[in-house]
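Trainee: Here you go, start.csv (CSV, C-alpha atoms):
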```csv
chain,number,residue,atom,x,y,z
A,1,MET,CA,26.4,7.3,-4.9
A,2,SER,CA,29.6,5.4,-5.6
A,3,GLU,CA,29.8,1.6,-5.6
A,4,ALA,CA,31.8,1.6,-2.4
A,5,GLU,CA,29.1,3.4,-0.5
A,6,LYS,CA,26.3,1.1,-1.6
A,7,PRO,CA,25.0,-1.1,1.2
A,8,PRO,CA,25.4,-4.9,0.5
A,9,ARG,CA,22.7,-6.6,-1.6
A,10,PRO,CA,20.0,-7.8,0.8
A,11,THR,CA,19.5,-11.6,1.2
A,12,LEU,CA,16.2,-13.3,0.7
A,13,PHE,CA,15.9,-13.5,4.5
A,14,ASP,CA,16.6,-9.7,4.7
A,15,LEU,CA,13.9,-9.0,2.2
A,16,ALA,CA,11.3,-11.2,3.9
A,17,TRP,CA,12.2,-9.9,7.4
A,18,THR,CA,12.2,-6.3,6.4
A,19,PHE,CA,8.8,-6.4,4.7
A,20,ASN,CA,7.4,-8.3,7.6
A,21,HIS,CA,8.7,-5.5,9.8
A,22,ILE,CA,7.0,-2.9,7.5
A,23,ALA,CA,3.7,-4.7,7.5
A,24,LEU,CA,3.5,-5.0,11.2
A,25,ALA,CA,4.6,-1.4,11.8
A,26,SER,CA,1.7,-0.3,9.6
A,27,PHE,CA,-0.9,-1.1,12.3
A,28,GLY,CA,-3.4,1.7,11.8
A,29,GLY,CA,-2.3,2.4,8.1
A,30,GLY,CA,0.4,4.4,6.4
A,31,LEU,CA,2.1,1.5,4.6
A,32,SER,CA,3.7,3.7,1.9
A,33,ALA,CA,5.2,6.0,4.5
A,34,TRP,CA,6.5,3.0,6.5
A,35,SER,CA,8.0,1.5,3.3
A,36,ARG,CA,9.9,4.7,2.6
A,37,GLU,CA,10.9,5.0,6.3
A,38,VAL,CA,12.5,1.5,6.2
A,39,VAL,CA,13.6,1.1,2.5
A,40,VAL,CA,15.0,4.6,1.9
A,41,VAL,CA,15.9,6.1,5.4
A,42,GLU,CA,16.8,3.1,7.5
A,43,LYS,CA,18.2,0.5,5.0
A,44,LYS,CA,19.2,2.9,2.2
A,45,TRP,CA,18.3,0.2,-0.4
A,46,MET,CA,16.9,2.9,-2.8
A,47,ALA,CA,17.5,6.6,-3.4
A,48,GLU,CA,14.6,9.0,-2.8
A,49,GLU,CA,13.7,9.6,-6.4
A,50,GLU,CA,14.0,6.0,-7.4
A,51,PHE,CA,11.7,5.0,-4.6
A,52,LEU,CA,9.1,7.7,-5.4
A,53,SER,CA,9.0,6.9,-9.0
A,54,ALA,CA,8.7,3.2,-8.1
A,55,LEU,CA,5.8,4.0,-5.9
A,56,THR,CA,3.9,5.7,-8.7
A,57,MET,CA,4.6,3.0,-11.2
A,58,CYS,CA,3.3,0.5,-8.6
A,59,ARG,CA,0.1,2.5,-8.4
A,60,ILE,CA,-0.4,2.6,-12.1
A,61,LEU,CA,0.2,-1.2,-12.6
A,62,PRO,CA,-2.6,-3.5,-11.6
A,63,GLY,CA,-2.4,-5.0,-8.2
A,64,ALA,CA,-2.4,-3.8,-4.6
A,65,ASN,CA,0.2,-0.9,-4.4
A,66,GLN,CA,2.0,-2.2,-1.4
A,67,VAL,CA,2.3,-5.8,-2.7
A,68,ASN,CA,3.6,-4.3,-6.0
A,69,LEU,CA,6.2,-2.3,-4.1
A,70,ALA,CA,7.4,-5.4,-2.3
A,71,VAL,CA,7.6,-7.2,-5.7
A,72,PHE,CA,9.5,-4.2,-7.1
A,73,VAL,CA,12.1,-4.0,-4.3
A,74,GLY,CA,12.4,-7.8,-4.0
A,75,SER,CA,13.0,-8.4,-7.7
A,76,LYS,CA,15.3,-5.4,-8.1
A,77,PHE,CA,17.8,-7.1,-5.7
A,78,ARG,CA,17.1,-10.9,-6.0
A,79,GLY,CA,14.9,-11.5,-9.1
A,80,LEU,CA,11.8,-13.7,-8.8
A,81,PRO,CA,12.9,-15.4,-5.5
A,82,GLY,CA,13.4,-12.0,-4.1
A,83,ALA,CA,10.0,-10.8,-5.1
A,84,ALA,CA,8.5,-14.0,-3.6
A,85,ALA,CA,10.4,-13.5,-0.4
A,86,ALA,CA,9.4,-9.8,0.0
A,87,VAL,CA,5.7,-10.6,-0.7
A,88,PHE,CA,5.8,-13.6,1.7
A,89,GLY,CA,7.3,-11.4,4.4
A,90,LEU,CA,4.7,-8.7,3.8
A,91,SER,CA,1.7,-10.9,3.8
A,92,LEU,CA,2.3,-14.0,6.0
A,93,ILE,CA,1.7,-12.5,9.5
A,94,PRO,CA,-1.0,-10.1,8.4
A,95,VAL,CA,-2.9,-13.1,6.7
A,96,LEU,CA,-2.7,-15.0,10.0
A,97,ILE,CA,-3.9,-12.0,12.0
A,98,ILE,CA,-6.7,-11.4,9.6
A,99,LEU,CA,-7.7,-15.0,9.6
A,100,GLY,CA,-7.9,-14.9,13.4
A,101,LEU,CA,-10.0,-11.8,13.3
A,102,GLY,CA,-12.2,-13.4,10.6
A,103,TYR,CA,-12.6,-16.6,12.6
A,104,ALA,CA,-13.7,-14.6,15.6
A,105,TYR,CA,-16.0,-12.4,13.5
A,106,PHE,CA,-17.9,-15.3,11.7
A,107,LYS,CA,-18.0,-17.4,14.9
A,108,PHE,CA,-19.1,-14.8,17.4
A,109,HIS,CA,-20.4,-12.1,15.1
A,110,GLN,CA,-18.4,-9.3,16.5
A,111,VAL,CA,-15.0,-7.7,15.9
A,112,PRO,CA,-12.6,-7.9,18.9
A,113,ALA,CA,-12.6,-4.6,20.7
A,114,LEU,CA,-9.6,-2.9,19.1
A,115,GLN,CA,-11.5,0.1,17.7
A,116,SER,CA,-10.3,2.6,20.3
A,117,VAL,CA,-6.6,1.7,20.0
A,118,LEU,CA,-6.9,1.8,16.2
A,119,HIS,CA,-8.5,5.2,16.4
A,120,GLY,CA,-5.4,6.6,18.0
A,121,ALA,CA,-3.0,4.6,15.9
A,122,ALA,CA,-4.8,5.8,12.7
A,123,ALA,CA,-4.3,9.4,13.7
A,124,ALA,CA,-0.6,8.8,13.9
A,125,ALA,CA,-0.5,6.8,10.7
A,126,VAL,CA,-2.1,9.8,8.9
A,127,ALA,CA,0.6,12.0,10.4
A,128,LEU,CA,3.3,9.7,9.1
A,129,THR,CA,1.8,10.0,5.6
A,130,LEU,CA,1.7,13.8,5.9
A,131,ALA,CA,5.2,13.9,7.2
A,132,MET,CA,6.4,11.8,4.2
A,133,ALA,CA,4.8,14.3,1.9
A,134,ILE,CA,6.6,17.2,3.7
A,135,LYS,CA,10.0,15.4,3.8
A,136,THR,CA,10.0,14.2,0.2
A,137,GLY,CA,8.5,17.5,-1.0
A,138,ARG,CA,11.3,19.5,0.5
A,139,LYS,CA,13.8,17.5,-1.6
A,140,CYS,CA,12.1,17.3,-4.9
A,141,LEU,CA,9.7,20.3,-5.1
A,142,ARG,CA,12.4,22.8,-6.2
A,143,GLY,CA,11.2,25.2,-8.9
A,144,ILE,CA,7.9,26.4,-10.2
A,145,ILE,CA,7.0,23.4,-12.5
A,146,PRO,CA,7.4,20.6,-10.0
A,147,VAL,CA,5.3,22.7,-7.5
A,148,LEU,CA,2.6,23.1,-10.1
A,149,LEU,CA,2.6,19.4,-11.0
A,150,PHE,CA,2.4,18.5,-7.3
A,151,ALA,CA,-0.4,21.0,-6.5
A,152,ALA,CA,-2.4,20.0,-9.6
A,153,ILE,CA,-2.4,16.2,-8.8
A,154,PHE,CA,-3.2,16.9,-5.1
A,155,VAL,CA,-6.3,19.0,-6.0
A,156,MET,CA,-7.5,16.5,-8.6
A,157,ASN,CA,-7.0,13.3,-6.7
A,158,GLY,CA,-7.3,14.5,-3.1
A,159,VAL,CA,-9.8,17.4,-3.2
A,160,PHE,CA,-11.9,16.5,-6.2
A,161,ARG,CA,-11.4,12.8,-5.7
A,162,TRP,CA,-10.8,12.0,-9.3
A,163,HIS,CA,-9.6,8.5,-10.1
A,164,LEU,CA,-5.8,8.0,-10.5
A,165,LEU,CA,-6.0,7.3,-14.2
A,166,PRO,CA,-7.5,10.6,-15.5
A,167,CYS,CA,-5.2,12.5,-13.2
A,168,LEU,CA,-2.2,10.8,-14.7
A,169,ALA,CA,-3.5,10.9,-18.2
A,170,LEU,CA,-3.4,14.7,-17.9
A,171,LEU,CA,-0.3,15.2,-15.9
A,172,ALA,CA,2.1,12.4,-16.6
A,173,PRO,CA,2.9,13.6,-20.2
A,174,LEU,CA,3.7,17.1,-18.8
A,175,SER,CA,5.9,15.7,-16.1
A,176,LEU,CA,7.8,13.4,-18.5
A,177,VAL,CA,8.5,16.3,-20.8
A,178,TRP,CA,9.7,18.3,-17.9
A,179,GLY,CA,11.8,15.4,-16.6
A,180,TRP,CA,13.3,14.4,-19.9
A,181,PRO,CA,17.1,14.8,-19.8
A,182,LYS,CA,18.3,17.9,-21.6
A,183,THR,CA,20.8,17.1,-24.3
A,184,LYS,CA,24.0,18.7,-23.4
A,185,LYS,CA,25.6,21.1,-25.9
A,186,PRO,CA,29.1,20.1,-26.9
B,1,MET,CA,-19.9,-28.3,-5.2
B,2,SER,CA,-16.9,-27.2,-3.1
B,3,ALA,CA,-14.4,-27.6,-6.0
B,4,LYS,CA,-16.6,-25.4,-8.1
B,5,THR,CA,-16.6,-22.7,-5.4
B,6,LEU,CA,-12.8,-22.9,-5.0
B,7,LEU,CA,-12.5,-22.5,-8.8
B,8,GLN,CA,-14.8,-19.5,-8.7
B,9,VAL,CA,-12.5,-18.0,-6.0
B,10,VAL,CA,-9.4,-18.5,-8.1
B,11,PHE,CA,-11.0,-17.1,-11.3
B,12,LEU,CA,-12.6,-14.1,-9.6
B,13,PHE,CA,-9.5,-12.9,-7.8
B,14,SER,CA,-7.0,-13.6,-10.4
B,15,SER,CA,-9.0,-11.6,-12.9
B,16,LEU,CA,-9.6,-8.8,-10.4
B,17,SER,CA,-5.8,-8.9,-9.8
B,18,LEU,CA,-5.2,-7.9,-13.4
B,19,LEU,CA,-8.1,-5.4,-13.4
B,20,SER,CA,-7.1,-3.5,-10.3
B,21,ILE,CA,-5.3,-0.7,-12.2
B,22,GLY,CA,-4.6,2.1,-9.7
B,23,GLY,CA,-4.7,-0.2,-6.6
B,24,GLY,CA,-6.9,-2.8,-4.9
B,25,ASN,CA,-9.6,-0.3,-3.9
B,26,THR,CA,-10.6,0.3,-7.6
B,27,VAL,CA,-12.0,-3.3,-7.9
B,28,LEU,CA,-14.0,-3.2,-4.6
B,29,PRO,CA,-17.3,-2.5,-6.3
B,30,GLU,CA,-16.8,-5.5,-8.6
B,31,MET,CA,-15.6,-7.6,-5.7
B,32,HIS,CA,-18.8,-6.6,-3.8
B,33,PHE,CA,-21.1,-7.4,-6.7
B,34,LYS,CA,-19.6,-10.8,-7.4
B,35,SER,CA,-19.2,-12.1,-3.8
B,36,VAL,CA,-22.5,-10.7,-2.4
B,37,SER,CA,-25.0,-10.5,-5.3
B,38,ASP,CA,-23.7,-13.1,-7.7
B,39,TYR,CA,-22.2,-15.9,-5.6
B,40,HIS,CA,-23.9,-15.2,-2.2
B,41,TRP,CA,-20.7,-15.9,-0.2
B,42,LEU,CA,-21.4,-13.0,2.2
B,43,THR,CA,-24.3,-10.7,3.0
B,44,ASP,CA,-24.1,-7.0,2.4
B,45,SER,CA,-23.3,-6.1,6.0
B,46,GLN,CA,-20.8,-8.9,6.3
B,47,PHE,CA,-19.0,-7.4,3.3
B,48,ALA,CA,-18.9,-4.0,5.1
B,49,ASP,CA,-17.6,-5.6,8.2
B,50,VAL,CA,-14.8,-7.6,6.6
B,51,PHE,CA,-13.8,-4.4,4.7
B,52,ALA,CA,-13.5,-2.7,8.1
B,53,ILE,CA,-11.5,-5.6,9.5
B,54,SER,CA,-9.1,-5.6,6.6
B,55,GLN,CA,-8.5,-1.9,6.9
B,56,ALA,CA,-7.8,-2.1,10.6
B,57,ALA,CA,-5.5,-5.1,10.5
B,58,PRO,CA,-1.8,-4.5,9.7
B,59,GLY,CA,-0.5,-5.2,6.3
B,60,PRO,CA,-1.8,-4.5,2.8
B,61,SER,CA,-5.5,-3.6,2.8
B,62,ILE,CA,-6.1,-5.9,-0.2
B,63,LEU,CA,-6.2,-8.7,2.4
B,64,ILE,CA,-10.0,-8.3,2.4
B,65,VAL,CA,-9.8,-11.0,-0.3
B,66,THR,CA,-8.4,-13.4,2.3
B,67,LEU,CA,-11.6,-13.0,4.4
B,68,ILE,CA,-13.9,-13.2,1.3
B,69,GLY,CA,-12.1,-16.4,0.3
B,70,TYR,CA,-12.4,-17.7,3.9
B,71,LYS,CA,-16.1,-17.1,4.0
B,72,ALA,CA,-16.6,-18.6,0.5
B,73,GLY,CA,-14.9,-21.8,1.8
B,74,LEU,CA,-17.0,-21.8,4.9
B,75,THR,CA,-20.2,-21.7,2.9
B,76,VAL,CA,-19.4,-25.0,1.3
B,77,GLY,CA,-17.4,-26.8,4.0
B,78,GLY,CA,-15.8,-26.5,7.4
B,79,GLU,CA,-12.9,-24.5,8.8
B,80,LEU,CA,-10.4,-26.4,6.6
B,81,MET,CA,-12.3,-25.3,3.4
B,82,GLY,CA,-12.4,-21.8,4.8
B,83,ILE,CA,-8.6,-21.7,5.2
B,84,LEU,CA,-8.1,-23.3,1.7
B,85,GLY,CA,-10.4,-20.6,0.3
B,86,ALA,CA,-8.5,-17.9,2.1
B,87,VAL,CA,-5.1,-19.1,0.8
B,88,LEU,CA,-6.4,-19.5,-2.8
B,89,ALA,CA,-8.0,-16.0,-2.8
B,90,THR,CA,-4.8,-14.4,-1.4
B,91,VAL,CA,-2.5,-16.1,-3.8
B,92,SER,CA,-4.8,-15.5,-6.8
B,93,MET,CA,-5.0,-11.8,-6.0
B,94,ILE,CA,-1.2,-11.4,-5.6
B,95,VAL,CA,0.4,-13.6,-8.3
B,96,PRO,CA,-0.9,-12.3,-11.7
B,97,ALA,CA,-0.3,-8.6,-10.9
B,98,GLY,CA,2.9,-9.4,-9.1
B,99,LEU,CA,4.3,-11.2,-12.2
B,100,LEU,CA,3.5,-8.2,-14.3
B,101,VAL,CA,5.4,-5.9,-11.9
B,102,PHE,CA,8.3,-8.4,-12.0
B,103,PHE,CA,8.5,-8.1,-15.8
B,104,VAL,CA,8.4,-4.3,-15.6
B,105,VAL,CA,11.3,-4.4,-13.1
B,106,GLN,CA,13.3,-6.5,-15.5
B,107,PHE,CA,12.9,-3.9,-18.2
B,108,TRP,CA,13.5,-1.1,-15.7
B,109,GLU,CA,16.8,-2.5,-14.4
B,110,HIS,CA,18.0,-2.9,-18.0
B,111,ALA,CA,17.1,0.7,-18.8
B,112,LYS,CA,19.3,2.2,-16.2
B,113,ASP,CA,20.7,4.9,-18.5
B,114,SER,CA,17.8,5.4,-20.9
B,115,PRO,CA,16.3,8.9,-21.1
B,116,VAL,CA,12.8,7.3,-20.4
B,117,ARG,CA,13.9,6.1,-17.0
B,118,HIS,CA,15.5,9.4,-16.2
B,119,ALA,CA,12.4,11.3,-17.2
B,120,ILE,CA,10.1,9.0,-15.1
B,121,GLU,CA,12.4,9.2,-12.1
B,122,LYS,CA,12.6,13.0,-12.2
B,123,GLY,CA,9.1,13.7,-13.6
B,124,PHE,CA,7.1,11.4,-11.4
B,125,ALA,CA,8.6,12.5,-8.1
B,126,PRO,CA,6.5,15.7,-7.8
B,127,LEU,CA,3.4,13.7,-8.8
B,128,THR,CA,4.1,11.1,-6.2
B,129,VAL,CA,4.5,13.7,-3.5
B,130,GLY,CA,1.1,15.1,-4.5
B,131,LEU,CA,-0.5,11.7,-4.5
B,132,VAL,CA,1.0,10.9,-1.0
B,133,LEU,CA,-0.4,14.2,0.3
B,134,ALA,CA,-3.7,13.5,-1.3
B,135,SER,CA,-3.9,10.1,0.4
B,136,GLY,CA,-2.9,11.7,3.7
B,137,TYR,CA,-5.7,14.2,3.3
B,138,VAL,CA,-8.3,11.6,2.4
B,139,MET,CA,-7.2,9.4,5.3
B,140,SER,CA,-7.4,12.3,7.7
B,141,ARG,CA,-11.0,13.0,6.6
B,142,ALA,CA,-11.8,9.3,7.5
B,143,ALA,CA,-9.6,8.8,10.5
B,144,ASP,CA,-9.8,12.1,12.4
B,145,GLN,CA,-13.4,12.6,13.6
B,146,ASP,CA,-13.0,15.4,16.1
B,147,TRP,CA,-10.5,18.1,17.1
B,148,HIS,CA,-8.7,15.8,19.5
B,149,ALA,CA,-7.8,13.5,16.6
B,150,TYR,CA,-6.8,16.5,14.4
B,151,LEU,CA,-4.6,17.8,17.2
B,152,LEU,CA,-3.0,14.4,17.6
B,153,THR,CA,-2.4,14.1,13.9
B,154,GLY,CA,-0.8,17.6,13.9
B,155,ALA,CA,1.4,16.9,16.8
B,156,CYS,CA,2.6,13.6,15.4
B,157,THR,CA,3.3,15.2,12.1
B,158,LEU,CA,5.6,17.8,13.8
B,159,VAL,CA,7.4,15.0,15.7
B,160,PHE,CA,7.9,13.0,12.5
B,161,VAL,CA,9.2,16.0,10.5
B,162,LEU,CA,11.3,17.7,13.2
B,163,THR,CA,12.8,14.7,15.2
B,164,LYS,CA,14.4,11.4,14.6
B,165,ILE,CA,12.2,9.5,17.1
B,166,ASN,CA,11.3,6.0,15.9
B,167,PRO,CA,7.8,6.4,14.3
B,168,LEU,CA,6.8,3.1,15.9
B,169,ILE,CA,7.1,4.7,19.4
B,170,VAL,CA,4.8,7.5,18.3
B,171,VAL,CA,2.2,5.2,16.8
B,172,ALA,CA,2.3,3.1,20.0
B,173,ILE,CA,1.7,6.2,22.1
B,174,ALA,CA,-1.1,7.4,19.9
B,175,GLY,CA,-2.7,3.9,20.1
B,176,PHE,CA,-2.4,4.1,23.9
B,177,LEU,CA,-4.1,7.5,23.9
B,178,GLY,CA,-6.9,6.0,21.8
B,179,TRP,CA,-7.2,3.1,24.2
B,180,MET,CA,-7.5,5.6,27.1
B,181,GLY,CA,-10.4,7.1,25.2
B,182,LEU,CA,-8.6,10.4,24.7
B,183,VAL,CA,-9.0,10.5,20.9
```
In structure tokens, write the structure found in this file.
Mentor:
Amino acid sequence: MSEAEKPPRPTLFDLAWTFNHIALASFGGGLSAWSREVVVVEKKWMAEEEFLSALTMCRILPGANQVNLAVFVGSKFRGLPGAAAAVFGLSLIPVLIILGLGYAYFKFHQVPALQSVLHGAAAAAVALTLAMAIKTGRKCLRGIIPVLLFAAIFVMNGVFRWHLLPCLALLAPLSLVWGWPKTKKP
Amino acid sequence: MSAKTLLQVVFLFSSLSLLSIGGGNTVLPEMHFKSVSDYHWLTDSQFADVFAISQAAPGPSILIVTLIGYKAGLTVGGELMGILGAVLATVSMIVPAGLLVFFVVQFWEHAKDSPVRHAIEKGFAPLTVGLVLASGYVMSRAADQDWHAYLLTGACTLVFVLTKINPLIVVAIAGFLGWMGLV
């Protein structure tokens, strides 16, 4: 992408507002898929590969993945204040909602009757996550090696339910060797 | 007494923040052990319930710590202590790991043309797609309990892949179907 095509650098308010939007949209789950939907597709703040690698780095680093991603995007554009703005936007309204639910729970010993609505919304949130895998897979699973890497980590982490770290300990070195830029011959 | 509890909240969650390699869920067992068996802030079934609430509410699922901090405050004081506990727990869980990510991003932005960055961006993409599919698969095992729900998930996936309809509309319709008792 050339400099001219780049969208303008988001302001602190943009960051907070956007991550607030992402957090509220994720009612029922699928926060990663929502982040991609907004950060890559709608706002075009990051390219697909940059976003995907950021997502995995955010999973490796300690901390909640989604909070880390907000820190990542916020500090990429606006440094420490940007990170704070993105995290603030991501968390403020959800914290208020969860405090309201917690108050009701500890006061009346029951959870407000949202279960049935959530049940439907969760089915769609799963779909958004699956659709993200399909859409991003079509772009970056070209060739036999990426398909093998993709399939191997899916089976280890999804089917066998291995923890993230052993999966990455096995596969990350292979993918780095594959992804290492080839030195061009003169 | 209350100051001691608030300090325990801060120390527990800021250390869990740095230990949660691989995501917040990895420290849930330790969080359960400390807050239920060690500090007696919640009972076992309350822990299970606040976990369910934090999963259902919008936003990061790590906000379970908000509710644990809230209940820790409640056990030593009134509502105000509860809210103070909630805020301290949330900030303690976010800031240490967040600072670490911030420093990694500084390095990352300075390494724009390094081969390491190119290798990670290219090489990690297929792994991330696999991990995203894995989490979709695991979520569907938990969220879709009968064929109605599988059908709804399948139909929504097709809509998301094949059309440009705003996903929010689809999620809202699915929530409505759930409310009608159809899923």
Trainee: As a compact mmCIF listing (two decimals) with C-alpha atoms, in the frame of the given file, please: the residues near Leu99 (chain B) (cut-off 9 Å, all atoms listed in the file, same-chain neighbours under 5 positions excluded).
Mentor:
```
# COMPACT_ATOMS: atom_id res chain seq x y z
CA VAL A 71 7.60 -7.20 -5.70
CA LEU A 80 11.80 -13.70 -8.80
CA ILE B 94 -1.20 -11.40 -5.60
CA VAL B 104 8.40 -4.30 -15.60
```
Trainee: Please report the interatomic distance between CA of Ala64 (chain A) and CA of Trp178 (chain A) in Å with one decimal.
Mentor: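 Taking CA of Ala64 (chain A) and CA of Trp178 (chain A), their separation equals 28.5 Å.
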Trainee: Please identify all polymer residues within 10 Å of region 92-107 of chain A, counting only C-alpha atoms, omitting same-chain residues fewer than 4 positions from it, and present them as a PyMOL selection string.
Mentor: (chain A and resi 16+20-21+23-24+27+87-88+111-112) or (chain B and resi 46+49-50+53-54+56-61+63-64+66-68+70-71+74+79+82-83+86-87+90)
Trainee: Write out as a ChimeraX atom specification which residues come within 12 Å of region 115-122 of chain B when counting only C-alpha atoms, dropping same-chain ones fewer than 3 positions away.
Mentor: /A:47-57,139-142,145-146,149,172-183 /B:104-105,107-112,125-129
Trainee: With distances taken over all atoms listed in the file, which of B:Thr163, B:Gln8, B:Ser2, B:Ser20 is nearest to chain A?
Mentor: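 Ranking B:Thr163, B:Gln8, B:Ser2, B:Ser20 by distance to chain A, first place goes to B:Ser20.
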Trainee: So which residues touch Asp146 (chain B) within 12 Å, counting all atoms listed in the file, skipping near sequence neighbours fewer than 6 positions away, as a list in words?
Mentor: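 Near Asp146 (chain B), the qualifying residues are His119, Gly120 and Ala123 of chain A; Ser140, Leu152, Thr153, Leu182 and Val183 of chain B.
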Trainee: Using all atoms listed in the file, can you tell me which of B:Leu80, B:Leu18, B:Leu162, B:Leu7 comes closest to chain A?
Mentor: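 Smallest distance to chain A is found for B:Leu18.
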Trainee: What are the closest atom pairs, with distances in Å to one decimal, for all residues of region 26-130 of chain A lying within 12 Å of region 13-17 of chain B? Consider all atoms listed in the file, order rows by chain and residue number, and present the result as JSON lines.
Mentor:
```
{"residue": "A:Leu61", "atom": "CA", "partner": "B:Ser17", "partner_atom": "CA", "distance": 10.2}
{"residue": "A:Pro62", "atom": "CA", "partner": "B:Ser17", "partner_atom": "CA", "distance": 6.5}
{"residue": "A:Gly63", "atom": "CA", "partner": "B:Ser17", "partner_atom": "CA", "distance": 5.4}
{"residue": "A:Ala64", "atom": "CA", "partner": "B:Ser17", "partner_atom": "CA", "distance": 8.0}
{"residue": "A:Asn65", "atom": "CA", "partner": "B:Ser17", "partner_atom": "CA", "distance": 11.4}
{"residue": "A:Val67", "atom": "CA", "partner": "B:Ser17", "partner_atom": "CA", "distance": 11.2}
{"residue": "A:Asn68", "atom": "CA", "partner": "B:Ser17", "partner_atom": "CA", "distance": 11.1}
```
Trainee: Between CA of Ser91 (chain A) and CA of Ala149 (chain B), what is the spacing in Å?
Mentor: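 Spanning CA of Ala149 (chain B) to CA of Ser91 (chain A) is a straight-line distance of 29.1 Å.
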Trainee: Of the residues B:Arg141, B:Leu177, B:Ala48, B:Ile62, which is the one nearest to Thr26 (chain B), using only C-alpha atoms?
Mentor: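 The closest residue to Thr26 (chain B) is B:Ile62.
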Trainee: So how many Å separate CA of Pro8 (chain A) and CA of Ala83 (chain A), to one decimal?
Mentor: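 That distance, rounded to one decimal, is 17.4 Å.
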Trainee: Export C-alpha atoms of region 60-88 of chain B from the structure just given, as a CSV table (one decimal), in the first residue's frame?
Mentor:
```
chain,number,residue,atom,x,y,z
B,60,PRO,CA,-13.2,-9.5,27.1
B,61,SER,CA,-13.9,-12.7,29.0
B,62,ILE,CA,-11.1,-11.9,31.5
B,63,LEU,CA,-13.6,-9.5,33.1
B,64,ILE,CA,-14.4,-12.4,35.5
B,65,VAL,CA,-11.7,-10.7,37.6
B,66,THR,CA,-14.0,-7.6,37.9
B,67,LEU,CA,-16.6,-9.8,39.6
B,68,ILE,CA,-14.1,-11.6,41.8
B,69,GLY,CA,-12.7,-8.2,42.9
B,70,TYR,CA,-16.2,-7.0,43.5
B,71,LYS,CA,-17.1,-9.9,45.7
B,72,ALA,CA,-13.8,-9.7,47.6
B,73,GLY,CA,-14.6,-6.1,48.4
B,74,LEU,CA,-18.2,-7.0,49.4
B,75,THR,CA,-16.9,-9.6,51.9
B,76,VAL,CA,-15.0,-6.9,53.9
B,77,GLY,CA,-17.3,-3.8,53.3
B,78,GLY,CA,-20.3,-2.5,51.5
B,79,GLU,CA,-21.1,-1.7,47.9
B,80,LEU,CA,-18.4,1.0,47.7
B,81,MET,CA,-15.7,-1.5,48.8
B,82,GLY,CA,-17.1,-3.9,46.2
B,83,ILE,CA,-16.7,-1.4,43.4
B,84,LEU,CA,-13.2,-0.4,44.6
B,85,GLY,CA,-12.3,-4.1,44.6
B,86,ALA,CA,-13.7,-4.5,41.1
B,87,VAL,CA,-11.8,-1.5,39.7
B,88,LEU,CA,-8.5,-2.6,41.4
```
